[in-house]
Each structure stands twice: as C-alpha cells, then as structure tokens.
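Visitor: So here's start_19.txt (compact mmCIF, C-alpha atoms).
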# COMPACT_ATOMS: atom_id res chain seq x y z
CA MET A 1 31.75 -3.94 -4.89
CA SER A 2 29.25 -4.59 -2.11
CA GLU A 3 25.62 -3.46 -2.13
CA HIS A 4 26.36 -1.12 0.79
CA THR A 5 29.17 0.56 -1.16
CA ARG A 6 27.09 0.84 -4.32
CA VAL A 7 23.94 2.14 -2.65
CA GLY A 8 24.84 3.64 0.74
CA LYS A 9 23.00 6.93 1.25
CA SER A 10 22.05 7.17 -2.40
CA GLY A 11 18.90 8.76 -3.80
CA PHE A 12 15.60 6.94 -4.08
CA GLU A 13 15.97 5.99 -7.74
CA THR A 14 19.44 4.52 -7.17
CA ARG A 15 18.22 2.47 -4.22
CA ALA A 16 15.18 1.23 -6.14
CA ILE A 17 17.41 -0.04 -8.94
CA HIS A 18 20.45 -1.35 -7.06
CA ALA A 19 19.50 -2.20 -3.45
CA GLY A 20 18.99 -5.80 -2.41
CA TYR A 21 21.19 -7.48 -5.00
CA ASP A 22 24.75 -7.41 -6.29
CA PRO A 23 25.54 -8.67 -9.80
CA ASP A 24 25.89 -12.44 -9.76
CA PRO A 25 29.55 -13.29 -8.93
CA THR A 26 29.59 -16.22 -11.37
CA THR A 27 27.87 -14.78 -14.45
CA GLY A 28 27.71 -11.05 -13.75
CA ALA A 29 23.92 -11.07 -14.22
CA VAL A 30 22.67 -7.60 -13.23
CA ILE A 31 19.10 -8.76 -12.52
CA PRO A 32 18.30 -11.28 -9.76
CA PRO A 33 17.60 -14.69 -11.32
CA ILE A 34 14.33 -16.50 -10.74
CA PHE A 35 15.31 -19.26 -8.33
CA ALA A 36 12.53 -21.72 -9.18
CA THR A 37 13.47 -24.23 -6.53
CA SER A 38 11.71 -25.58 -3.47
CA THR A 39 14.79 -26.93 -1.68
CA TYR A 40 18.57 -26.52 -1.54
CA LYS A 41 21.49 -28.98 -1.32
CA GLN A 42 23.12 -28.91 2.10
CA ASP A 43 26.86 -29.32 2.58
CA GLY A 44 26.43 -31.87 5.34
CA VAL A 45 23.57 -31.88 7.84
CA GLY A 46 22.78 -28.28 8.72
CA GLY A 47 25.45 -26.96 6.33
CA LEU A 48 23.37 -24.34 4.57
CA ARG A 49 24.65 -22.21 1.69
CA GLY A 50 23.75 -18.62 2.43
CA GLY A 51 21.14 -19.76 4.96
CA TYR A 52 18.85 -21.33 2.34
CA GLU A 53 17.20 -24.67 3.12
CA TYR A 54 13.57 -24.48 1.88
CA SER A 55 11.85 -21.79 -0.17
CA ARG A 56 9.02 -21.17 2.26
CA SER A 57 11.67 -20.03 4.72
CA ALA A 58 13.77 -18.06 2.21
CA ASN A 59 14.45 -17.85 -1.51
CA PRO A 60 17.19 -15.72 -3.13
CA THR A 61 14.76 -14.01 -5.51
CA ARG A 62 12.58 -13.09 -2.55
CA THR A 63 15.59 -11.98 -0.51
CA ALA A 64 16.54 -9.49 -3.23
CA LEU A 65 13.07 -7.94 -3.30
CA GLU A 66 12.86 -7.78 0.49
CA GLY A 67 16.19 -5.97 0.66
CA ALA A 68 15.16 -3.50 -2.02
CA LEU A 69 11.86 -2.69 -0.30
CA ALA A 70 13.60 -2.15 3.03
CA ALA A 71 16.01 0.24 1.32
CA VAL A 72 13.39 2.38 -0.43
CA GLU A 73 11.27 2.59 2.73
CA GLU A 74 14.38 3.40 4.80
CA GLY A 75 13.69 0.47 7.10
CA GLU A 76 15.89 -2.22 8.59
CA ARG A 77 14.17 -5.30 7.19
CA GLY A 78 11.49 -6.15 4.63
CA PHE A 79 9.21 -9.15 4.17
CA VAL A 80 7.12 -10.08 1.15
CA PHE A 81 3.96 -12.16 0.98
CA ALA A 82 1.52 -13.70 -1.44
CA SER A 83 -0.86 -10.73 -1.04
CA GLY A 84 -1.32 -7.54 0.92
CA LEU A 85 -3.88 -9.22 3.15
CA ALA A 86 -1.47 -12.08 3.85
CA ALA A 87 1.04 -9.47 4.99
CA GLU A 88 -1.58 -7.84 7.22
CA ASP A 89 -2.68 -11.08 8.84
CA THR A 90 0.91 -12.13 9.48
CA LEU A 91 1.59 -8.79 11.16
CA VAL A 92 -1.43 -9.17 13.43
CA ARG A 93 -0.43 -12.70 14.43
CA SER A 94 3.10 -11.44 15.14
CA THR A 95 2.04 -8.57 17.40
CA CYS A 96 -1.35 -9.40 18.92
CA ALA A 97 -2.99 -12.09 21.02
CA PRO A 98 -6.61 -12.85 21.89
CA GLY A 99 -7.96 -10.05 24.08
CA ASP A 100 -5.90 -7.35 22.37
CA HIS A 101 -7.29 -4.33 20.55
CA VAL A 102 -6.51 -2.46 17.32
CA VAL A 103 -7.55 1.02 16.13
CA LEU A 104 -8.54 1.11 12.45
CA PRO A 105 -9.40 3.97 10.07
CA ASP A 106 -13.09 4.80 9.90
CA ASP A 107 -12.78 4.62 6.10
CA ALA A 108 -10.40 1.67 5.84
CA TYR A 109 -9.96 -0.44 2.72
CA GLY A 110 -12.80 -2.95 2.65
CA GLY A 111 -10.48 -5.95 2.64
CA THR A 112 -8.66 -4.72 5.73
CA PHE A 113 -11.96 -4.13 7.54
CA ARG A 114 -13.19 -7.58 6.55
CA LEU A 115 -9.97 -9.17 7.84
CA PHE A 116 -10.35 -7.55 11.25
CA ASP A 117 -14.13 -7.83 11.48
CA LYS A 118 -14.55 -11.42 10.29
CA VAL A 119 -11.20 -13.11 10.93
CA GLU A 120 -9.26 -11.36 13.68
CA ARG A 121 -12.37 -10.71 15.77
CA ALA A 122 -13.12 -14.45 15.75
CA TRP A 123 -9.57 -14.99 17.02
CA GLY A 124 -10.26 -12.60 19.90
CA VAL A 125 -8.71 -9.34 18.61
CA GLU A 126 -11.16 -6.44 18.80
CA HIS A 127 -11.08 -3.21 16.82
CA THR A 128 -12.41 0.33 17.04
CA SER A 129 -12.61 2.79 14.16
CA ALA A 130 -11.45 6.41 14.20
CA ALA A 131 -10.80 9.13 11.64
CA VAL A 132 -7.10 9.13 10.74
CA SER A 133 -7.29 12.89 10.14
CA ASP A 134 -8.34 13.50 13.78
CA VAL A 135 -5.50 12.87 16.23
CA ASP A 136 -7.79 13.38 19.23
CA ALA A 137 -10.26 10.82 17.86
CA VAL A 138 -7.47 8.28 17.46
CA ARG A 139 -6.26 9.00 21.01
CA ALA A 140 -9.80 8.50 22.34
CA ALA A 141 -10.12 5.18 20.49
CA ILE A 142 -7.00 3.73 22.11
CA ARG A 143 -7.63 1.40 25.04
CA PRO A 144 -4.68 1.74 27.41
CA GLY A 145 -3.05 -1.58 28.13
CA ARG A 146 -5.00 -3.39 25.41
CA THR A 147 -4.35 -1.52 22.17
CA ARG A 148 -1.39 -3.10 20.42
CA LEU A 149 -1.68 -1.49 16.98
CA VAL A 150 -2.89 1.83 15.64
CA TRP A 151 -3.47 1.08 11.98
CA ILE A 152 -3.79 3.91 9.48
CA GLU A 153 -3.93 4.50 5.77
CA THR A 154 -2.77 7.84 4.40
CA PRO A 155 -4.17 8.65 1.94
CA THR A 156 -7.13 6.45 2.85
CA ASN A 157 -9.00 4.24 0.42
CA PRO A 158 -11.22 5.52 -1.21
CA LEU A 159 -11.93 8.88 0.50
CA LEU A 160 -8.30 10.05 0.41
CA ASN A 161 -8.21 11.37 3.95
CA ILE A 162 -4.78 12.26 5.30
CA GLY A 163 -3.30 11.26 8.65
CA ASP A 164 -0.45 13.20 10.25
CA ILE A 165 2.03 10.33 10.66
CA GLU A 166 4.35 12.15 13.04
CA ALA A 167 1.53 13.27 15.34
CA LEU A 168 -0.15 9.86 15.28
CA ALA A 169 3.16 8.15 16.05
CA ALA A 170 3.51 10.28 19.19
CA VAL A 171 -0.01 9.42 20.38
CA THR A 172 0.48 5.73 19.60
CA HIS A 173 3.83 5.47 21.36
CA GLU A 174 2.49 7.25 24.44
CA ALA A 175 0.07 4.35 24.76
CA GLY A 176 2.78 1.74 24.27
CA ALA A 177 1.37 0.63 20.92
CA LEU A 178 2.83 0.32 17.42
CA LEU A 179 1.88 2.61 14.54
CA VAL A 180 1.20 0.72 11.30
CA VAL A 181 0.92 2.73 8.09
CA ASP A 182 -0.60 1.25 4.95
CA ASN A 183 1.51 3.11 2.38
CA THR A 184 -0.06 1.53 -0.69
CA PHE A 185 -1.71 4.67 -2.08
CA ALA A 186 1.35 6.87 -1.61
CA SER A 187 4.02 4.30 -2.56
CA PRO A 188 7.54 4.42 -1.11
CA TYR A 189 8.47 7.08 -3.66
CA LEU A 190 6.00 9.66 -2.37
CA GLN A 191 6.15 8.88 1.36
CA GLN A 192 8.39 7.03 3.83
CA PRO A 193 6.39 6.60 7.06
CA LEU A 194 9.23 4.99 9.01
CA THR A 195 11.19 8.25 8.80
CA LEU A 196 8.21 10.02 10.42
CA GLY A 197 7.94 7.70 13.41
CA ALA A 198 5.86 4.77 12.16
CA ASP A 199 6.88 1.30 13.30
CA VAL A 200 5.60 -0.79 10.39
CA VAL A 201 4.82 -0.06 6.76
CA VAL A 202 2.32 -2.25 4.91
CA HIS A 203 1.98 -2.51 1.14
CA SER A 204 -0.16 -4.26 -1.34
CA THR A 205 2.73 -4.56 -3.79
CA THR A 206 0.11 -5.54 -6.35
CA LYS A 207 -0.47 -1.83 -6.78
CA TYR A 208 2.14 0.87 -7.44
CA VAL A 209 5.21 -1.16 -6.47
CA GLY A 210 4.49 -3.87 -9.06
CA GLY A 211 2.83 -1.27 -11.22
CA HIS A 212 1.75 -3.33 -14.22
CA SER A 213 -1.36 -5.23 -13.01
CA ASP A 214 0.37 -8.56 -13.63
CA VAL A 215 1.26 -9.78 -10.13
CA VAL A 216 -0.33 -10.01 -6.67
CA GLY A 217 1.74 -9.48 -3.55
CA GLY A 218 2.17 -7.77 -0.20
CA ALA A 219 4.96 -6.48 2.00
CA LEU A 220 5.91 -5.37 5.49
CA VAL A 221 8.89 -3.15 6.29
CA VAL A 222 10.04 -2.49 9.86
CA ARG A 223 12.79 -0.59 11.61
CA ASP A 224 13.00 -2.58 14.88
CA LEU A 225 14.98 -5.81 14.59
CA ASP A 226 13.23 -7.52 17.52
CA LEU A 227 9.91 -6.96 15.77
CA ALA A 228 11.53 -8.17 12.56
CA ASP A 229 12.49 -11.44 14.23
CA ARG A 230 8.89 -12.00 15.37
CA ILE A 231 7.58 -11.30 11.88
CA ALA A 232 10.19 -13.57 10.31
CA PHE A 233 9.10 -16.44 12.58
CA HIS A 234 5.44 -15.96 11.69
CA GLN A 235 6.16 -15.48 8.00
CA ASN A 236 7.78 -18.91 7.95
CA ALA A 237 5.27 -20.53 10.32
CA ILE A 238 2.19 -19.24 8.48
CA GLY A 239 3.76 -19.62 5.06
CA ALA A 240 1.84 -17.16 2.89
CA VAL A 241 5.00 -16.12 1.05
CA ALA A 242 5.45 -14.78 -2.45
CA GLY A 243 6.81 -17.19 -5.04
CA PRO A 244 10.03 -16.43 -6.94
CA PHE A 245 8.35 -15.45 -10.20
CA ASP A 246 6.02 -13.04 -8.37
CA CYS A 247 9.04 -11.57 -6.58
CA PHE A 248 10.85 -11.16 -9.88
CA LEU A 249 7.95 -9.24 -11.43
CA THR A 250 7.49 -7.06 -8.35
CA HIS A 251 11.20 -6.25 -8.15
CA ARG A 252 11.21 -5.34 -11.83
CA GLY A 253 8.31 -2.96 -11.23
CA LEU A 254 10.02 -1.34 -8.25
CA LYS A 255 12.96 -0.29 -10.41
CA THR A 256 10.75 2.10 -12.44
CA LEU A 257 8.54 3.27 -9.56
CA ALA A 258 9.95 6.81 -9.44
CA VAL A 259 9.40 7.66 -13.09
CA ARG A 260 5.97 6.06 -13.11
CA MET A 261 4.83 7.91 -10.00
CA GLU A 262 5.84 11.25 -11.48
CA ARG A 263 3.60 10.58 -14.50
CA HIS A 264 0.76 9.23 -12.31
CA CYS A 265 0.90 12.48 -10.31
CA ASP A 266 1.09 14.69 -13.41
CA ASN A 267 -1.99 13.04 -14.89
CA ALA A 268 -3.95 12.96 -11.63
CA GLU A 269 -3.43 16.68 -11.13
CA ARG A 270 -4.81 17.39 -14.61
CA VAL A 271 -7.75 15.02 -14.15
CA ALA A 272 -8.63 16.57 -10.77
CA ALA A 273 -8.52 20.08 -12.26
CA PHE A 274 -10.83 18.98 -15.09
CA LEU A 275 -13.34 17.35 -12.74
CA LEU A 276 -13.32 20.38 -10.46
CA ASP A 277 -14.94 22.48 -13.17
CA HIS A 278 -17.36 19.85 -14.49
CA PRO A 279 -21.07 20.56 -13.84
CA ALA A 280 -21.88 16.85 -13.39
CA VAL A 281 -19.41 16.52 -10.51
CA THR A 282 -20.49 17.65 -7.05
CA GLN A 283 -17.18 17.05 -5.23
CA VAL A 284 -13.60 16.23 -6.19
CA ILE A 285 -11.46 14.51 -3.55
CA TYR A 286 -7.71 14.85 -4.15
CA PRO A 287 -5.08 15.81 -1.56
CA GLY A 288 -3.38 18.06 -4.09
CA LEU A 289 -6.31 20.47 -4.14
CA PRO A 290 -5.74 23.42 -1.79
CA ASP A 291 -9.20 23.05 -0.25
CA HIS A 292 -8.67 19.39 0.68
CA PRO A 293 -8.74 19.22 4.52
CA GLY A 294 -5.49 17.27 4.58
CA HIS A 295 -3.66 19.27 1.92
CA ASP A 296 -1.17 20.97 4.23
CA VAL A 297 -0.28 17.76 6.10
CA ALA A 298 0.09 15.86 2.83
CA ALA A 299 2.32 18.61 1.46
CA CYS A 300 4.62 18.18 4.47
CA GLN A 301 4.91 14.39 4.46
CA MET A 302 4.48 13.47 0.77
CA ARG A 303 6.74 14.27 -2.16
CA ARG A 304 3.64 14.77 -4.37
CA PHE A 305 -0.05 13.96 -3.98
CA GLY A 306 -0.41 10.66 -5.80
CA GLY A 307 -2.35 9.15 -8.65
CA MET A 308 -5.68 8.42 -6.94
CA VAL A 309 -8.68 10.72 -7.45
CA SER A 310 -12.22 10.22 -6.15
CA PHE A 311 -15.28 12.24 -7.08
CA ARG A 312 -19.01 12.35 -6.45
CA VAL A 313 -21.50 12.47 -9.26
CA ALA A 314 -24.67 14.56 -9.56
CA GLY A 315 -27.70 12.31 -9.74
CA GLY A 316 -26.56 9.82 -7.12
CA GLU A 317 -25.69 6.15 -7.37
CA GLU A 318 -27.43 5.47 -10.67
CA GLN A 319 -25.43 8.14 -12.46
CA ALA A 320 -22.19 7.12 -10.74
CA LEU A 321 -22.67 3.58 -12.01
CA ALA A 322 -23.46 4.90 -15.48
CA VAL A 323 -20.23 6.92 -15.57
CA CYS A 324 -18.26 3.79 -14.70
CA GLU A 325 -20.02 1.85 -17.45
CA ARG A 326 -19.52 4.53 -20.13
CA ALA A 327 -15.78 5.00 -19.57
CA GLN A 328 -13.64 3.54 -22.34
CA VAL A 329 -9.99 4.49 -21.80
CA PHE A 330 -10.52 4.08 -18.08
CA THR A 331 -11.04 0.34 -17.59
CA LEU A 332 -13.83 -0.71 -15.24
CA GLY A 333 -12.05 -2.87 -12.72
CA GLU A 334 -10.87 -3.27 -9.15
CA SER A 335 -7.30 -2.71 -7.96
CA LEU A 336 -5.17 0.35 -8.70
CA GLY A 337 -1.63 1.56 -9.28
CA GLY A 338 -1.04 0.01 -12.70
CA VAL A 339 0.16 1.86 -15.77
CA GLU A 340 -3.39 1.71 -17.16
CA SER A 341 -6.17 3.90 -15.77
CA LEU A 342 -8.97 2.19 -13.86
CA ILE A 343 -12.41 3.36 -12.78
CA GLU A 344 -14.63 1.74 -10.17
CA HIS A 345 -17.66 2.21 -7.96
CA PRO A 346 -16.34 1.56 -4.41
CA GLY A 347 -19.77 1.01 -2.88
CA ARG A 348 -20.52 -1.89 -5.22
CA MET A 349 -16.97 -3.14 -5.77
CA THR A 350 -13.88 -2.75 -3.54
CA HIS A 351 -15.83 -1.59 -0.48
CA ALA A 352 -18.94 -3.76 -0.74
CA SER A 353 -17.82 -5.55 2.45
CA VAL A 354 -18.44 -2.39 4.52
CA ALA A 355 -21.98 -1.80 3.25
CA GLY A 356 -24.37 -1.26 6.15
CA THR A 357 -21.57 -0.42 8.61
CA ASP A 358 -20.19 2.87 9.88
CA LEU A 359 -17.52 2.56 7.19
CA GLU A 360 -20.00 2.55 4.30
CA VAL A 361 -18.85 4.82 1.46
CA PRO A 362 -21.12 7.28 -0.40
CA ALA A 363 -23.21 5.65 -3.11
CA ASP A 364 -22.45 8.44 -5.59
CA LEU A 365 -18.66 8.01 -5.24
CA VAL A 366 -16.42 7.05 -8.15
CA ARG A 367 -12.73 6.18 -7.63
CA LEU A 368 -10.09 6.65 -10.30
CA SER A 369 -6.65 5.13 -10.47
CA VAL A 370 -5.09 7.54 -12.94
CA GLY A 371 -2.58 5.78 -15.16
CA ILE A 372 0.25 7.02 -17.32
CA GLU A 373 -1.59 7.33 -20.65
CA THR A 374 -1.82 10.61 -22.57
CA ALA A 375 -3.55 13.03 -20.21
CA GLU A 376 -5.74 14.53 -22.95
CA ASP A 377 -7.16 11.08 -23.72
CA LEU A 378 -8.05 10.50 -20.08
CA ILE A 379 -9.80 13.85 -19.80
CA ALA A 380 -11.71 13.32 -23.05
CA ASP A 381 -12.86 9.91 -21.83
CA LEU A 382 -14.15 11.29 -18.54
CA ASP A 383 -15.85 14.12 -20.39
CA GLN A 384 -17.81 11.75 -22.62
CA ALA A 385 -18.64 9.46 -19.66
CA LEU A 386 -20.02 12.42 -17.68
CA ARG A 387 -21.81 14.08 -20.58
CA ALA A 388 -25.10 12.25 -20.09
CA VAL A 389 -25.30 13.01 -16.36
For the file at hand, write its structure as structure tokens.
Guide:
Amino acid sequence: MSEHTRVGKSGFETRAIHAGYDPDPTTGAVIPPIFATSTYKQDGVGGLRGGYEYSRSANPTRTALEGALAAVEEGERGFVFASGLAAEDTLVRSTCAPGDHVVLPDDAYGGTFRLFDKVERAWGVEHTSAAVSDVDAVRAAIRPGRTRLVWIETPTNPLLNIGDIEALAAVTHEAGALLVVDNTFASPYLQQPLTLGADVVVHSTTKYVGGHSDVVGGALVVRDLDLADRIAFHQNAIGAVAGPFDCFLTHRGLKTLAVRMERHCDNAERVAAFLLDHPAVTQVIYPGLPDHPGHDVAACQMRRFGGMVSFRVAGGEEQALAVCERAQVFTLGESLGGVESLIEHPGRMTHASVAGTDLEVPADLVRLSVGIETAEDLIADLDQALRAV
C-alpha cells in the first residue's frame, strides 16, 4: 500500500504518524531506519538507487521527515536543516540578492533579528520592522520593487502578538513578494499558514515538533515547486542539513505532536487564568484571553491558543529576575516547546541581541513555555515564585 493510499486526505494525527514513509519492503519496519551513511553505492556511473548519492544532498531518514512535515503543513515539499536559523538563512539566500529588502516583525525572535541585522545586512539585504498585528503598518513598510519577503511570526516571540495571515498574504502578494510565516510557536497542529495564503513556513523543529528538548533542527515547507527547486539547490550548496539521527528524533517527536499540544494548551490556559488574578502580576499576555488584541484573529486561524504565556511582574526587572530564579518545577532555561516547563527572562536571555534597539522587550517580562506536567504543580510553583514580589 502506498503512502498516498494510506494517508491521502486523512486527519492531522494520521498524517503525522504515517506520512513520509511506508513500512520497509524488506523487513516491514514501521519506523524509518537511521541511515548512518555518508555515501551510497552506485549501479554504474550515475546509476543512483532512489536518487541517493551523498548524504548532504539527500538521506532516506531525512527524506521521511521532510515528507511528513510537508504533509502536516499541507505543503508540497519540506526541507530540514541543522537548526532553525540555518533554515532561515538558506531561505534568504534562495530568494534574495544584494540590494533586496525584507519586512520583519517589530518584536521578532532575537536570533532572527540578529541574522538579518548582522549577517544578511552585511550581504546587502536590508530590513524594516513593522507590527505583524497592523496590516497597514506592514503595507507601509514594503518597498515596491525591492521587498522580496514579508516575514512574520504569529504568535510572536515573546510578546505573543497575532498577525492575520490571510490579510497579510494579500498585502504581500500585491507587492509581488513572498509571505514567510514562522510557525514555531503555533506548531503545525494548531495552525497551517500555507492554507491561509502564506508561501513559506519556517520552523525551529527544536521546539514543539521535536518536543523533548533533545535535538536541534529547523525546517522550511513550501507550496510552490519552482521555489522548492531553488531551496533544494541552496540546501545542498550551503549544506547546513540535519543529520540522520537528528531527523530520526524529530520525526519521532512529530508523531505525538497532536496529543502533546492538547496538553500544552490545557495547561497554558490554566496557568494564564491563575496569573490573571495574581496581585504580583501586572499583565498577562496570552492569545486565549478574550482581552488579548489578537484573540479574535487567533481564534479564526488557530485550532487552540498554544502553550506559550508571557507576563509582566510588579517591581520591574529585579523582581522578574527573582521570579525566574525562584521557580523550581519550571526550569530556568532558553528554548521552548518541550514536555518540561521552562521559564526565562527574555531581556537577559533569548532577546538580549535586541537590547538597545526598537525591538527591545520590556525588562519586567517573563516568558513561560508551559509543559505537560500536572497543572496543579505548575500553578503551585508559580505561586511560590511570585509570593515574595
């Protein structure tokens, strides 16, 4: 039975488990093997078996993951990389040239901002920042004839702003540019930007897709095959690909994404409700709250509101740092999307690279990646961490 017959128009969970790989015809293995090989025997010069010649160009373990990611994002082709930033840089090299321009979120992930500000700018690609929640601001930031990419996160990191993907796609395409959506915070389970008009989806698969804080990786998924061919060329030419063991771990994580995301969302909703009533908290930022400015848009384009919660602490930066230090069940650490809950201070940690710029985040902000532990334990931990504020 072929993959197309087994998966077809199946539901998300079925695609996440079965897409990208058929049971091995020789052994019947239901999980893609780890092909720990750098090269492949050719049947005569140029006689490739399945198109494999060298594992920078392609590897069967990687092929399986790329097919699965394309299926869950409802795209035509997927590509995986050694990290999310490797995926981002490869996309820029595939679509831009010196003299081109990109629109970025005005609260972009610090690593993305650093890539464009310190690396792509030196290559001759300029950028302008705009609020993803303001379609008119994004339109005004576009430079006709020069803007190649409009790059958004939704929800954004760490302020959890929401961009209307469908509306932003229309504005972007009017200008002849491509809409890129970093879907890391939402995950493919909660949101499929390509179905809303986006041209490219970006992931740090380190986060929710892998889901267990044990592997680093990145991905691109596209719907246009001409664009796919350009990315495939640059993926091979630049070479920042994911190794087979990393692909194996990421693919294993993808299979349980749906059930994990449901628990992440359940717990995040309870944590947000607790923080909302806490006297030491001055603001709770979560798209699932009715008073969040992007709540209605998020409700239309997301299945649920995700596992990320940010909040601001009374007493400013000193108290925000103290809360991070006092947490016990929440582990103080960067990254997000794993089964364990993490707490961090964006201004000093993940977003330190934007300090002193227009993208600087509030000093009293704390970001939570709410895991899948017992919700009561998470709430009790936050309560004790906030008690001294």
Visitor: Rounded to one decimal place, report the CA of Arg56 (chain A)-CA of Pro32 (chain A) distance in Å.
Guide: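 Interatomic distance here is 18.1 Å.
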Visitor: Give me the residues near Cys265 (chain A) as a PyMOL selection string, where near means some atom within 10 Å (using all atoms listed in the file) and where sequence neighbours in that chain fewer than 5 positions away do not count.
Guide: chain A and resi 190+260+270-271+288+304-308+370-372
Visitor: Tell me which protein, DNA and RNA residues are within 9 Å of Val138 (chain A), counting all atoms listed in the file, leaving out same-chain ones fewer than 2 positions away, and put them as a ChimeraX atom specification.
Guide: /A:103-105,129-136,140-142,150,168,171-172
Visitor: What gap, in Å, lies between CA of Pro33 (chain A) and CA of Phe233 (chain A)?
Guide: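 CA of Phe233 (chain A) lies 25.4 Å from CA of Pro33 (chain A).
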Visitor: Go through A:Asn236, A:Thr95, A:Leu365, A:Asp377 one by one, measure the shortest atom-to-atom distance of each to Leu178 (chain A) using all atoms listed in the file, and give the residue with the smallest value.
Guide: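 Ranking A:Asn236, A:Thr95, A:Leu365, A:Asp377 by distance to Leu178 (chain A), first place goes to A:Thr95.
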Visitor: For Ala16 (chain A), list every protein, DNA or RNA residue within 12 Å, evaluated using all atoms listed in the file, and leave out those in the same chain fewer than 6 positions away; present the list as a list in words.
Guide: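 Non-adjacent residues within range: Val7, Ser10, Ala64, Leu65, Glu66, Gly67, Ala68, Leu69, Ala70, Ala71, Val72, Glu73, Glu74, Pro188, Tyr189, Val209, Thr250, His251, Arg252, Gly253, Leu254, Lys255, Thr256, Leu257, Ala258 and Val259 of chain A.
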Visitor: Let's have the selection written as a JSON list (two decimals), keeping the file's coordinate frame, with C-alpha atoms.
Guide:
[["chain", "number", "residue", "atom", "x", "y", "z"],
["A", 7, "VAL", "CA", 23.94, 2.14, -2.65],
["A", 10, "SER", "CA", 22.05, 7.17, -2.40],
["A", 64, "ALA", "CA", 16.54, -9.49, -3.23],
["A", 65, "LEU", "CA", 13.07, -7.94, -3.30],
["A", 66, "GLU", "CA", 12.86, -7.78, 0.49],
["A", 67, "GLY", "CA", 16.19, -5.97, 0.66],
["A", 68, "ALA", "CA", 15.16, -3.50, -2.02],
["A", 69, "LEU", "CA", 11.86, -2.69, -0.30],
["A", 70, "ALA", "CA", 13.60, -2.15, 3.03],
["A", 71, "ALA", "CA", 16.01, 0.24, 1.32],
["A", 72, "VAL", "CA", 13.39, 2.38, -0.43],
["A", 73, "GLU", "CA", 11.27, 2.59, 2.73],
["A", 74, "GLU", "CA", 14.38, 3.40, 4.80],
["A", 188, "PRO", "CA", 7.54, 4.42, -1.11],
["A", 189, "TYR", "CA", 8.47, 7.08, -3.66],
["A", 209, "VAL", "CA", 5.21, -1.16, -6.47],
["A", 250, "THR", "CA", 7.49, -7.06, -8.35],
["A", 251, "HIS", "CA", 11.20, -6.25, -8.15],
["A", 252, "ARG", "CA", 11.21, -5.34, -11.83],
["A", 253, "GLY", "CA", 8.31, -2.96, -11.23],
["A", 254, "LEU", "CA", 10.02, -1.34, -8.25],
["A", 255, "LYS", "CA", 12.96, -0.29, -10.41],
["A", 256, "THR", "CA", 10.75, 2.10, -12.44],
["A", 257, "LEU", "CA", 8.54, 3.27, -9.56],
["A", 258, "ALA", "CA", 9.95, 6.81, -9.44],
["A", 259, "VAL", "CA", 9.40, 7.66, -13.09]]
Visitor: Dig up all the protein and nucleic acid residues within 10 Å of (13.7, -21.4, -8.7) in the file frame, using all atoms listed in the file, and format them as a list in words.
Guide: Pro33, Ile34, Phe35, Ala36, Thr37, Ser38, Thr39, Ser55, Asn59, Pro60, Thr61, Gly243, Pro244 and Phe245 of chain A
Visitor: With distances taken over all atoms listed in the file, which of A:Asp164, A:Asp22, A:Asp358, A:Asp383 is nearest to Pro293 (chain A)?
Guide: A:Asp164
Visitor: Between A:Val92, A:Gly356, A:Ala97, A:Val45, which residue has the minimum interatomic distance to Leu115 (chain A), considering only C-alpha atoms?
Guide: A:Val92
Visitor: Given the choices A:Asp89, A:Asp117, A:Glu174, A:Glu126, which gets closest to Val102 (chain A) if the distance is worked out from all atoms listed in the file?
Guide: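 Among the listed residues, the smallest separation from Val102 (chain A) belongs to A:Glu126.
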Visitor: Would you compute the distance between CA of Ala240 (chain A) and CA of Ser57 (chain A)? Give it in Å to one decimal.
Guide: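 Atom-to-atom, CA of Ala240 (chain A) and CA of Ser57 (chain A) are spaced 10.4 Å apart.
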Visitor: Under the rule that only C-alpha atoms are counted, which of A:Val201, A:Val297, A:Cys96, A:Val80 is the nearest residue to Arg230 (chain A)?
Guide: A:Cys96
Visitor: Because the input lacks atoms here, generate N, CA and C atoms for region 55-70 of chain A and report them as a CSV table (one decimal), in the frame of the given file.
Guide:
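Contents of selection33.csv, freshly written:
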chain,number,residue,atom,x,y,z
A,55,SER,N,12.3,-23.1,0.4
A,55,SER,CA,11.8,-21.8,-0.2
A,55,SER,C,10.6,-21.2,0.5
A,56,ARG,N,10.0,-21.9,1.4
A,56,ARG,CA,9.0,-21.2,2.3
A,56,ARG,C,9.8,-20.3,3.2
A,57,SER,N,10.9,-20.8,3.7
A,57,SER,CA,11.7,-20.0,4.7
A,57,SER,C,12.4,-18.9,4.1
A,58,ALA,N,13.0,-19.1,2.9
A,58,ALA,CA,13.8,-18.1,2.2
A,58,ALA,C,14.1,-18.5,0.8
A,59,ASN,N,14.1,-17.6,-0.1
A,59,ASN,CA,14.4,-17.8,-1.5
A,59,ASN,C,15.3,-16.7,-2.0
A,60,PRO,N,16.3,-16.9,-2.7
A,60,PRO,CA,17.2,-15.7,-3.1
A,60,PRO,C,16.5,-14.6,-3.9
A,61,THR,N,15.5,-15.0,-4.8
A,61,THR,CA,14.8,-14.0,-5.5
A,61,THR,C,13.9,-13.2,-4.6
A,62,ARG,N,13.4,-13.8,-3.6
A,62,ARG,CA,12.6,-13.1,-2.6
A,62,ARG,C,13.5,-12.2,-1.7
A,63,THR,N,14.7,-12.7,-1.3
A,63,THR,CA,15.6,-12.0,-0.5
A,63,THR,C,16.0,-10.7,-1.2
A,64,ALA,N,16.2,-10.7,-2.5
A,64,ALA,CA,16.5,-9.5,-3.2
A,64,ALA,C,15.4,-8.4,-3.2
A,65,LEU,N,14.2,-8.9,-3.4
A,65,LEU,CA,13.1,-7.9,-3.3
A,65,LEU,C,12.9,-7.4,-1.9
A,66,GLU,N,13.0,-8.2,-0.9
A,66,GLU,CA,12.9,-7.8,0.5
A,66,GLU,C,13.9,-6.7,0.9
A,67,GLY,N,15.1,-6.9,0.4
A,67,GLY,CA,16.2,-6.0,0.7
A,67,GLY,C,15.9,-4.7,0.0
A,68,ALA,N,15.4,-4.7,-1.3
A,68,ALA,CA,15.2,-3.5,-2.0
A,68,ALA,C,14.0,-2.7,-1.4
A,69,LEU,N,13.0,-3.4,-0.9
A,69,LEU,CA,11.9,-2.7,-0.3
A,69,LEU,C,12.3,-2.1,1.0
A,70,ALA,N,13.1,-2.7,1.8
A,70,ALA,CA,13.6,-2.2,3.0
A,70,ALA,C,14.4,-0.9,2.7
